[in-house]
>>> print(open('my_file_27.pdb').read())   # PDB, C-alpha atoms
ATOM      1  CA  LEU A   1      73.283  -8.285  24.259  1.00  0.00           C
ATOM      2  CA  SER A   2      75.348  -6.670  21.540  1.00  0.00           C
ATOM      3  CA  ALA A   3      77.246  -3.439  22.057  1.00  0.00           C
ATOM      4  CA  VAL A   4      74.624  -1.580  19.984  1.00  0.00           C
ATOM      5  CA  HIS A   5      71.807  -2.883  22.211  1.00  0.00           C
ATOM      6  CA  VAL A   6      73.742  -1.975  25.362  1.00  0.00           C
ATOM      7  CA  ALA A   7      74.358   1.542  24.024  1.00  0.00           C
ATOM      8  CA  SER A   8      70.677   1.920  23.099  1.00  0.00           C
ATOM      9  CA  LEU A   9      69.568   0.746  26.545  1.00  0.00           C
ATOM     10  CA  SER A  10      72.010   3.164  28.185  1.00  0.00           C
ATOM     11  CA  LEU A  11      70.698   6.075  26.114  1.00  0.00           C
ATOM     12  CA  ASP A  12      67.128   5.062  26.978  1.00  0.00           C
ATOM     13  CA  VAL A  13      68.046   5.445  30.649  1.00  0.00           C
ATOM     14  CA  ILE A  14      69.948   8.716  30.193  1.00  0.00           C
ATOM     15  CA  LEU A  15      67.614  10.459  27.753  1.00  0.00           C
ATOM     16  CA  PRO A  16      64.024  11.190  28.769  1.00  0.00           C
ATOM     17  CA  SER A  17      61.259   9.798  26.629  1.00  0.00           C
ATOM     18  CA  ALA A  18      59.418  13.102  26.695  1.00  0.00           C
ATOM     19  CA  THR A  19      58.872  14.978  23.466  1.00  0.00           C
ATOM     20  CA  MET A  20      61.096  17.782  24.745  1.00  0.00           C
ATOM     21  CA  SER A  21      64.269  15.692  24.280  1.00  0.00           C
ATOM     22  CA  ASP A  22      63.346  15.132  20.643  1.00  0.00           C
ATOM     23  CA  TRP A  23      64.125  18.762  19.822  1.00  0.00           C
ATOM     24  CA  ILE A  24      66.385  19.954  22.670  1.00  0.00           C
ATOM     25  CA  ILE A  25      69.133  17.435  21.877  1.00  0.00           C
ATOM     26  CA  PRO A  26      69.150  18.241  18.127  1.00  0.00           C
ATOM     27  CA  LEU A  27      69.343  21.946  19.007  1.00  0.00           C
ATOM     28  CA  ILE A  28      72.349  21.304  21.265  1.00  0.00           C
ATOM     29  CA  ALA A  29      74.032  19.121  18.635  1.00  0.00           C
ATOM     30  CA  THR A  30      73.529  21.767  15.947  1.00  0.00           C
ATOM     31  CA  GLY A  31      74.775  24.543  18.210  1.00  0.00           C
ATOM     32  CA  LEU A  32      77.928  22.615  19.102  1.00  0.00           C
ATOM     33  CA  SER A  33      78.524  21.802  15.424  1.00  0.00           C
ATOM     34  CA  GLY A  34      78.323  25.508  14.699  1.00  0.00           C
ATOM     35  CA  ILE A  35      80.873  26.265  17.429  1.00  0.00           C
ATOM     36  CA  VAL A  36      83.284  23.692  15.961  1.00  0.00           C
ATOM     37  CA  THR A  37      82.847  25.218  12.517  1.00  0.00           C
ATOM     38  CA  GLY A  38      83.324  28.748  13.823  1.00  0.00           C
ATOM     39  CA  SER A  39      86.460  27.798  15.731  1.00  0.00           C
ATOM     40  CA  LEU A  40      88.064  26.171  12.700  1.00  0.00           C
ATOM     41  CA  ALA A  41      86.930  29.003  10.435  1.00  0.00           C
ATOM     42  CA  PHE A  42      88.741  31.484  12.694  1.00  0.00           C
ATOM     43  CA  ALA A  43      91.853  29.313  12.675  1.00  0.00           C
ATOM     44  CA  SER A  44      91.808  29.062   8.863  1.00  0.00           C
ATOM     45  CA  ALA A  45      90.949  32.693   8.180  1.00  0.00           C
ATOM     46  CA  VAL A  46      93.014  34.376  10.899  1.00  0.00           C
ATOM     47  CA  ASP A  47      95.633  32.131  12.523  1.00  0.00           C
ATOM     48  CA  THR A  48      97.011  30.345   9.478  1.00  0.00           C
ATOM     49  CA  ARG A  49      96.899  33.567   7.486  1.00  0.00           C
ATOM     50  CA  SER A  50      98.884  35.299  10.232  1.00  0.00           C
ATOM     51  CA  PHE A  51     101.550  32.590  10.092  1.00  0.00           C
ATOM     52  CA  LEU A  52     101.857  32.962   6.318  1.00  0.00           C
ATOM     53  CA  LEU A  53     102.004  36.750   6.509  1.00  0.00           C
ATOM     54  CA  HIS A  54     104.852  36.492   9.023  1.00  0.00           C
ATOM     55  CA  LEU A  55     106.732  34.312   6.544  1.00  0.00           C
ATOM     56  CA  SER A  56     106.018  36.678   3.651  1.00  0.00           C
ATOM     57  CA  SER A  57     107.270  39.697   5.574  1.00  0.00           C
ATOM     58  CA  SER A  58     110.352  37.777   6.633  1.00  0.00           C
ATOM     59  CA  SER A  59     111.118  36.733   3.028  1.00  0.00           C
ATOM     60  CA  ALA A  60     110.636  40.272   1.717  1.00  0.00           C
ATOM     61  CA  SER A  61     112.924  41.827   4.322  1.00  0.00           C
ATOM     62  CA  SER A  62     115.624  39.181   3.886  1.00  0.00           C
ATOM     63  CA  GLU A  63     116.117  40.165   0.234  1.00  0.00           C
ATOM     64  CA  ASP A  64     117.533  43.521   1.343  1.00  0.00           C
ATOM     65  CA  GLN A  65     119.803  42.104   4.050  1.00  0.00           C
ATOM     66  CA  ASP A  66     123.420  41.050   3.814  1.00  0.00           C
ATOM     67  CA  GLU A  67     124.732  37.947   5.571  1.00  0.00           C
ATOM     68  CA  GLU A  68     125.586  39.732   8.818  1.00  0.00           C
ATOM     69  CA  GLU A  69     122.152  41.321   9.027  1.00  0.00           C
ATOM     70  CA  LYS A  70     120.488  37.965   8.331  1.00  0.00           C
ATOM     71  CA  LYS A  71     122.515  36.340  11.098  1.00  0.00           C
ATOM     72  CA  ALA A  72     121.587  39.147  13.472  1.00  0.00           C
ATOM     73  CA  ALA A  73     117.932  38.758  12.553  1.00  0.00           C
ATOM     74  CA  ASP A  74     118.142  35.005  13.175  1.00  0.00           C
ATOM     75  CA  ASP A  75     119.813  35.609  16.518  1.00  0.00           C
ATOM     76  CA  ASP A  76     116.954  37.950  17.343  1.00  0.00           C
ATOM     77  CA  ASP A  77     114.569  35.127  16.292  1.00  0.00           C
ATOM     78  CA  GLY A  78     112.961  37.011  13.395  1.00  0.00           C
ATOM     79  CA  ALA A  79     109.603  35.946  11.950  1.00  0.00           C
ATOM     80  CA  THR A  80     110.380  32.217  11.892  1.00  0.00           C
ATOM     81  CA  GLY A  81     111.464  32.304  15.516  1.00  0.00           C
ATOM     82  CA  LEU A  82     108.279  34.174  16.335  1.00  0.00           C
ATOM     83  CA  ILE A  83     106.211  31.455  14.659  1.00  0.00           C
ATOM     84  CA  VAL A  84     107.951  28.701  16.629  1.00  0.00           C
ATOM     85  CA  LYS A  85     107.507  30.519  19.939  1.00  0.00           C
ATOM     86  CA  HIS A  86     103.882  31.373  19.176  1.00  0.00           C
ATOM     87  CA  PHE A  87     103.089  27.840  17.990  1.00  0.00           C
ATOM     88  CA  GLN A  88     104.424  26.379  21.229  1.00  0.00           C
ATOM     89  CA  VAL A  89     101.672  28.287  23.034  1.00  0.00           C
ATOM     90  CA  TRP A  90      99.009  28.381  20.314  1.00  0.00           C
ATOM     91  CA  TRP A  91      98.775  24.650  19.660  1.00  0.00           C
ATOM     92  CA  PRO A  92      98.319  23.430  23.289  1.00  0.00           C
ATOM     93  CA  CYS A  93      95.655  26.097  23.882  1.00  0.00           C
ATOM     94  CA  GLY A  94      93.847  25.152  20.668  1.00  0.00           C
ATOM     95  CA  ARG A  95      94.127  21.440  21.447  1.00  0.00           C
ATOM     96  CA  ASP A  96      92.695  21.897  24.943  1.00  0.00           C
ATOM     97  CA  TRP A  97      89.714  23.707  23.405  1.00  0.00           C
ATOM     98  CA  MET A  98      89.093  21.577  20.315  1.00  0.00           C
ATOM     99  CA  VAL A  99      89.582  18.028  21.647  1.00  0.00           C
ATOM    100  CA  PRO A 100      86.755  18.127  24.231  1.00  0.00           C
ATOM    101  CA  LEU A 101      84.616  20.237  21.893  1.00  0.00           C
ATOM    102  CA  ILE A 102      84.911  17.779  19.007  1.00  0.00           C
ATOM    103  CA  GLY A 103      84.294  14.816  21.309  1.00  0.00           C
ATOM    104  CA  THR A 104      81.239  16.433  22.898  1.00  0.00           C
ATOM    105  CA  THR A 105      79.861  17.512  19.517  1.00  0.00           C
ATOM    106  CA  THR A 106      80.270  14.025  18.060  1.00  0.00           C
ATOM    107  CA  LEU A 107      78.442  12.496  21.043  1.00  0.00           C
ATOM    108  CA  ALA A 108      75.709  15.132  20.824  1.00  0.00           C
ATOM    109  CA  ASN A 109      75.105  14.331  17.154  1.00  0.00           C
ATOM    110  CA  LEU A 110      74.991  10.618  17.966  1.00  0.00           C
ATOM    111  CA  ALA A 111      72.461  11.371  20.713  1.00  0.00           C
ATOM    112  CA  ALA A 112      70.416  13.372  18.190  1.00  0.00           C
ATOM    113  CA  TRP A 113      70.569  10.385  15.829  1.00  0.00           C
ATOM    114  CA  PHE A 114      69.275   8.152  18.626  1.00  0.00           C
ATOM    115  CA  VAL A 115      66.334  10.367  19.617  1.00  0.00           C
ATOM    116  CA  ALA A 116      65.426  10.921  15.955  1.00  0.00           C
ATOM    117  CA  SER A 117      65.424   7.175  15.360  1.00  0.00           C
ATOM    118  CA  ARG A 118      63.447   6.572  18.551  1.00  0.00           C
ATOM    119  CA  SER A 119      60.821   9.204  17.774  1.00  0.00           C
ATOM    120  CA  ALA A 120      60.436   7.758  14.269  1.00  0.00           C
ATOM    121  CA  GLY A 121      59.783   4.298  15.641  1.00  0.00           C
ATOM    122  CA  GLY A 122      63.184   2.741  14.987  1.00  0.00           C
ATOM    123  CA  SER A 123      62.142   1.007  11.758  1.00  0.00           C
ATOM    124  CA  SER A 124      64.472   0.641   8.784  1.00  0.00           C
ATOM    125  CA  SER A 125      62.494   3.241   6.851  1.00  0.00           C
ATOM    126  CA  ALA A 126      62.729   5.626   9.789  1.00  0.00           C
ATOM    127  CA  THR A 127      66.484   5.111   9.970  1.00  0.00           C
ATOM    128  CA  ALA A 128      66.725   6.106   6.307  1.00  0.00           C
ATOM    129  CA  SER A 129      64.760   9.332   6.817  1.00  0.00           C
ATOM    130  CA  PRO A 130      66.639  12.653   6.627  1.00  0.00           C
ATOM    131  CA  SER A 131      65.823  13.486  10.249  1.00  0.00           C
ATOM    132  CA  THR A 132      67.751  10.364  11.281  1.00  0.00           C
ATOM    133  CA  TRP A 133      70.669   9.733   8.930  1.00  0.00           C
ATOM    134  CA  CYS A 134      71.717  13.396   8.839  1.00  0.00           C
ATOM    135  CA  TRP A 135      72.740  13.168  12.477  1.00  0.00           C
ATOM    136  CA  GLY A 136      74.858  10.111  11.821  1.00  0.00           C
ATOM    137  CA  ALA A 137      76.518  11.894   8.907  1.00  0.00           C
ATOM    138  CA  ALA A 138      77.125  14.984  11.060  1.00  0.00           C
ATOM    139  CA  ALA A 139      78.671  12.883  13.828  1.00  0.00           C
ATOM    140  CA  THR A 140      80.919  11.149  11.280  1.00  0.00           C
ATOM    141  CA  MET A 141      82.181  14.354   9.674  1.00  0.00           C
ATOM    142  CA  ILE A 142      82.825  16.101  12.995  1.00  0.00           C
ATOM    143  CA  GLY A 143      84.403  12.976  14.457  1.00  0.00           C
ATOM    144  CA  LEU A 144      86.801  12.629  11.498  1.00  0.00           C
ATOM    145  CA  ILE A 145      88.452  15.947  12.387  1.00  0.00           C
ATOM    146  CA  GLY A 146      90.289  14.322  15.296  1.00  0.00           C
ATOM    147  CA  PRO A 147      91.859  11.412  13.363  1.00  0.00           C
ATOM    148  CA  TYR A 148      92.707  13.741  10.465  1.00  0.00           C
ATOM    149  CA  THR A 149      94.573  16.025  12.857  1.00  0.00           C
ATOM    150  CA  GLY A 150      96.404  13.130  14.467  1.00  0.00           C
ATOM    151  CA  PHE A 151      97.436  11.307  11.300  1.00  0.00           C
ATOM    152  CA  VAL A 152      97.924  14.180   8.835  1.00  0.00           C
ATOM    153  CA  LEU A 153      98.878  17.265  10.841  1.00  0.00           C
ATOM    154  CA  MET A 154     100.625  15.940  13.940  1.00  0.00           C
ATOM    155  CA  GLU A 155     104.034  15.535  12.305  1.00  0.00           C
ATOM    156  CA  ASP A 156     104.063  19.180  11.223  1.00  0.00           C
ATOM    157  CA  ILE A 157     102.681  20.253  14.598  1.00  0.00           C
ATOM    158  CA  ASP A 158     105.534  18.519  16.406  1.00  0.00           C
ATOM    159  CA  LYS A 159     108.070  20.066  14.042  1.00  0.00           C
ATOM    160  CA  LEU A 160     106.698  23.567  14.508  1.00  0.00           C
ATOM    161  CA  ARG A 161     106.903  23.194  18.268  1.00  0.00           C
ATOM    162  CA  THR A 162     110.500  21.986  18.328  1.00  0.00           C
ATOM    163  CA  SER A 163     112.204  22.546  14.962  1.00  0.00           C
ATOM    164  CA  SER A 164     115.017  24.939  14.119  1.00  0.00           C
ATOM    165  CA  THR A 165     114.215  28.063  12.121  1.00  0.00           C
ATOM    166  CA  GLU A 166     115.568  26.507   8.891  1.00  0.00           C
ATOM    167  CA  GLU A 167     112.645  24.047   8.789  1.00  0.00           C
ATOM    168  CA  VAL A 168     109.933  26.458   9.851  1.00  0.00           C
ATOM    169  CA  GLU A 169     109.036  28.029   6.505  1.00  0.00           C
ATOM    170  CA  VAL A 170     108.324  24.807   4.607  1.00  0.00           C
ATOM    171  CA  THR A 171     106.578  23.182   7.566  1.00  0.00           C
ATOM    172  CA  THR A 172     104.429  26.235   8.263  1.00  0.00           C
ATOM    173  CA  ARG A 173     103.220  26.502   4.671  1.00  0.00           C
ATOM    174  CA  ARG A 174     102.386  22.799   4.564  1.00  0.00           C
ATOM    175  CA  PHE A 175     100.577  22.938   7.911  1.00  0.00           C
ATOM    176  CA  CYS A 176      98.497  25.946   6.841  1.00  0.00           C
ATOM    177  CA  ASN A 177      97.462  24.260   3.576  1.00  0.00           C
ATOM    178  CA  LEU A 178      96.574  20.994   5.307  1.00  0.00           C
ATOM    179  CA  HIS A 179      94.604  22.754   8.016  1.00  0.00           C
ATOM    180  CA  HIS A 180      91.809  23.876   5.692  1.00  0.00           C
ATOM    181  CA  PRO A 181      90.282  20.392   5.102  1.00  0.00           C
ATOM    182  CA  ARG A 182      89.400  20.361   8.808  1.00  0.00           C
ATOM    183  CA  LEU A 183      87.194  23.376   8.188  1.00  0.00           C
ATOM    184  CA  GLY A 184      85.659  21.595   5.186  1.00  0.00           C
ATOM    185  CA  MET A 185      84.748  18.581   7.345  1.00  0.00           C
ATOM    186  CA  ALA A 186      83.214  20.843   9.976  1.00  0.00           C
ATOM    187  CA  LEU A 187      81.190  22.761   7.382  1.00  0.00           C
ATOM    188  CA  VAL A 188      79.800  19.552   5.890  1.00  0.00           C
ATOM    189  CA  GLY A 189      78.986  18.208   9.351  1.00  0.00           C
ATOM    190  CA  TYR A 190      77.306  21.476  10.319  1.00  0.00           C
ATOM    191  CA  GLY A 191      75.286  21.397   7.103  1.00  0.00           C
ATOM    192  CA  PHE A 192      74.060  17.878   7.895  1.00  0.00           C
ATOM    193  CA  ALA A 193      73.151  18.994  11.420  1.00  0.00           C
ATOM    194  CA  LEU A 194      71.194  21.977  10.121  1.00  0.00           C
ATOM    195  CA  PHE A 195      69.333  19.758   7.676  1.00  0.00           C
ATOM    196  CA  GLY A 196      68.615  17.251  10.413  1.00  0.00           C
ATOM    197  CA  LEU A 197      67.396  20.017  12.706  1.00  0.00           C
ATOM    198  CA  ALA A 198      65.076  21.372  10.021  1.00  0.00           C
ATOM    199  CA  SER A 199      63.628  17.857   9.644  1.00  0.00           C
ATOM    200  CA  THR A 200      63.220  17.261  13.374  1.00  0.00           C
ATOM    201  CA  LYS A 201      59.714  16.522  14.596  1.00  0.00           C
ATOM    202  CA  GLY A 202      58.446  19.195  16.952  1.00  0.00           C
ATOM    203  CA  LEU A 203      60.587  21.803  15.217  1.00  0.00           C
ATOM    204  CA  SER A 204      59.527  21.367  11.615  1.00  0.00           C
ATOM    205  CA  GLY A 205      55.894  20.670  12.407  1.00  0.00           C
ATOM    206  CA  GLN A 206      56.213  17.069  11.217  1.00  0.00           C
ATOM    207  CA  GLY A 207      54.642  14.203  13.079  1.00  0.00           C
ATOM    208  CA  GLY A 208      51.154  15.601  13.566  1.00  0.00           C
ATOM    209  CA  GLY A 209      49.728  16.664  16.889  1.00  0.00           C
ATOM    210  CA  ASP A 210      49.301  20.202  18.093  1.00  0.00           C
ATOM    211  CA  ARG A 211      53.012  21.049  18.395  1.00  0.00           C
ATOM    212  CA  THR A 212      53.914  24.547  17.376  1.00  0.00           C
ATOM    213  CA  PRO A 213      56.409  24.475  14.496  1.00  0.00           C
ATOM    214  CA  TYR A 214      59.580  26.438  15.213  1.00  0.00           C
ATOM    215  CA  ILE A 215      61.192  25.768  11.838  1.00  0.00           C
ATOM    216  CA  THR A 216      59.288  25.291   8.614  1.00  0.00           C
ATOM    217  CA  VAL A 217      60.764  23.540   5.591  1.00  0.00           C
TER     218      VAL A 217
END
>>> encode(input="my_file_27.pdb", output="structure tokens")
Amino acid sequence: LSAVHVASLSLDVILPSATMSDWIIPLIATGLSGIVTGSLAFASAVDTRSFLLHLSSSSASSEDQDEEEKKAADDDDGATGLIVKHFQVWWPCGRDWMVPLIGTTTLANLAAWFVASRSAGGSSSATASPSTWCWGAAATMIGLIGPYTGFVLMEDIDKLRTSSTEEVEVTTRRFCNLHHPRLGMALVGYGFALFGLASTKGLSGQGGGDRTPYITV
């Protein structure tokens, strides 16, 4: 058996064949996708903005300082020192929240893809239906956030946790700018999940039977 067949057989054992799983799992996947998006939206709108405002206030105040005052401010850590100290706490806490959340959300969207494909009969035409491929697209977009963080942001993250204050300003600005694509990936993934949820049988009223439609499209 191929790995795909083994995975499908495993999901058949784990997931019930009842109609209830056909809409509960998509609801969970969509909810988790929304949490990922909300978390990254807060980081982009609040955290990164706070870092940049610290730098702006530090730059504005330094224009009115002489060399001795600047040295005293550096010795007292100033805004750049504050960023380094805060980042040493902020990043591990954010990582411990986002890593399991992104992993769980990706798996949930893959599970939604599986139940959508199963409920549609598993044919090639069913796989191409919006209620099926949207979940695969959502899982892909959410799952890409992890590799993007590791390959694109990790160098700046390591610098901000250990670097001297001279490097902080440039690194912080670059990190804040490069953080926003993570929110873009989450938004696209969440959009796919919402579209997939709206197309889910038992929620959209598709598939016949006497199911009560919860979402109409």
>>> closest_residue(input="my_file_27.pdb", among="A:Phe51, A:Tyr148, A:Tyr190, A:Trp113", to="Trp90 in chain A", atoms="only C-alpha atoms")
A:Phe51
>>> atom_distance(input="my_file_27.pdb", atom1="CA of Met98 in chain A", atom2="CA of Leu110 in chain A")
18.0 Å
>>> resolve_selection(input="my_file_27.pdb", expression="the PyMOL selection byres ((chain A and resi 182) around 12)", output="ChimeraX atom specification")
/A:36-44,98,102,141-150,152-153,175-181,183-189
>>> atom_distance(input="my_file_27.pdb", atom1="CA of Thr162 in chain A", atom2="CA of Ser57 in chain A")
22.1 Å
>>> atom_distance(input="my_file_27.pdb", atom1="CA of Gly78 in chain A", atom2="CA of Asp47 in chain A")
18.0 Å
>>> residues_around(input="my_file_27.pdb", residues="Thr172 in chain A", least_positions_apart="4", cutoff="10 Å", atoms="all atoms listed in the file", output="PDB file with C-alpha atoms, in the coordinates of the input")
ATOM      1  CA  THR A  48      97.011  30.345   9.478  1.00  0.00           C
ATOM      2  CA  PHE A  51     101.550  32.590  10.092  1.00  0.00           C
ATOM      3  CA  LEU A  52     101.857  32.962   6.318  1.00  0.00           C
ATOM      4  CA  LEU A  55     106.732  34.312   6.544  1.00  0.00           C
ATOM      5  CA  THR A  80     110.380  32.217  11.892  1.00  0.00           C
ATOM      6  CA  ILE A  83     106.211  31.455  14.659  1.00  0.00           C
ATOM      7  CA  VAL A  84     107.951  28.701  16.629  1.00  0.00           C
ATOM      8  CA  PHE A  87     103.089  27.840  17.990  1.00  0.00           C
ATOM      9  CA  ASP A 156     104.063  19.180  11.223  1.00  0.00           C
ATOM     10  CA  ILE A 157     102.681  20.253  14.598  1.00  0.00           C
ATOM     11  CA  LYS A 159     108.070  20.066  14.042  1.00  0.00           C
ATOM     12  CA  LEU A 160     106.698  23.567  14.508  1.00  0.00           C
ATOM     13  CA  GLU A 167     112.645  24.047   8.789  1.00  0.00           C
ATOM     14  CA  VAL A 168     109.933  26.458   9.851  1.00  0.00           C
ATOM     15  CA  CYS A 176      98.497  25.946   6.841  1.00  0.00           C
ATOM     16  CA  ASN A 177      97.462  24.260   3.576  1.00  0.00           C
ATOM     17  CA  LEU A 178      96.574  20.994   5.307  1.00  0.00           C
TER      18      LEU A 178
END
>>> residues_around(input="my_file_27.pdb", residues="Leu194 in chain A", least_positions_apart="5", cutoff="9 Å", atoms="all atoms listed in the file", output="list in words")
Thr30, Cys134, Gly189 and Ser199 of chain A
>>> closest_residue(input="my_file_27.pdb", among="A:Ala111, A:Ala139, A:Pro26, A:Arg174", to="Glu155 in chain A", atoms="all atoms listed in the file")
A:Arg174
>>> closest_residue(input="my_file_27.pdb", among="A:Leu53, A:Ala45, A:Leu197, A:Ala79", to="Asp22 in chain A", atoms="all atoms listed in the file")
A:Leu197
>>> closest_residue(input="my_file_27.pdb", among="A:Ile35, A:Phe192, A:Gly136, A:Arg118", to="Trp97 in chain A", atoms="all atoms listed in the file")
A:Ile35
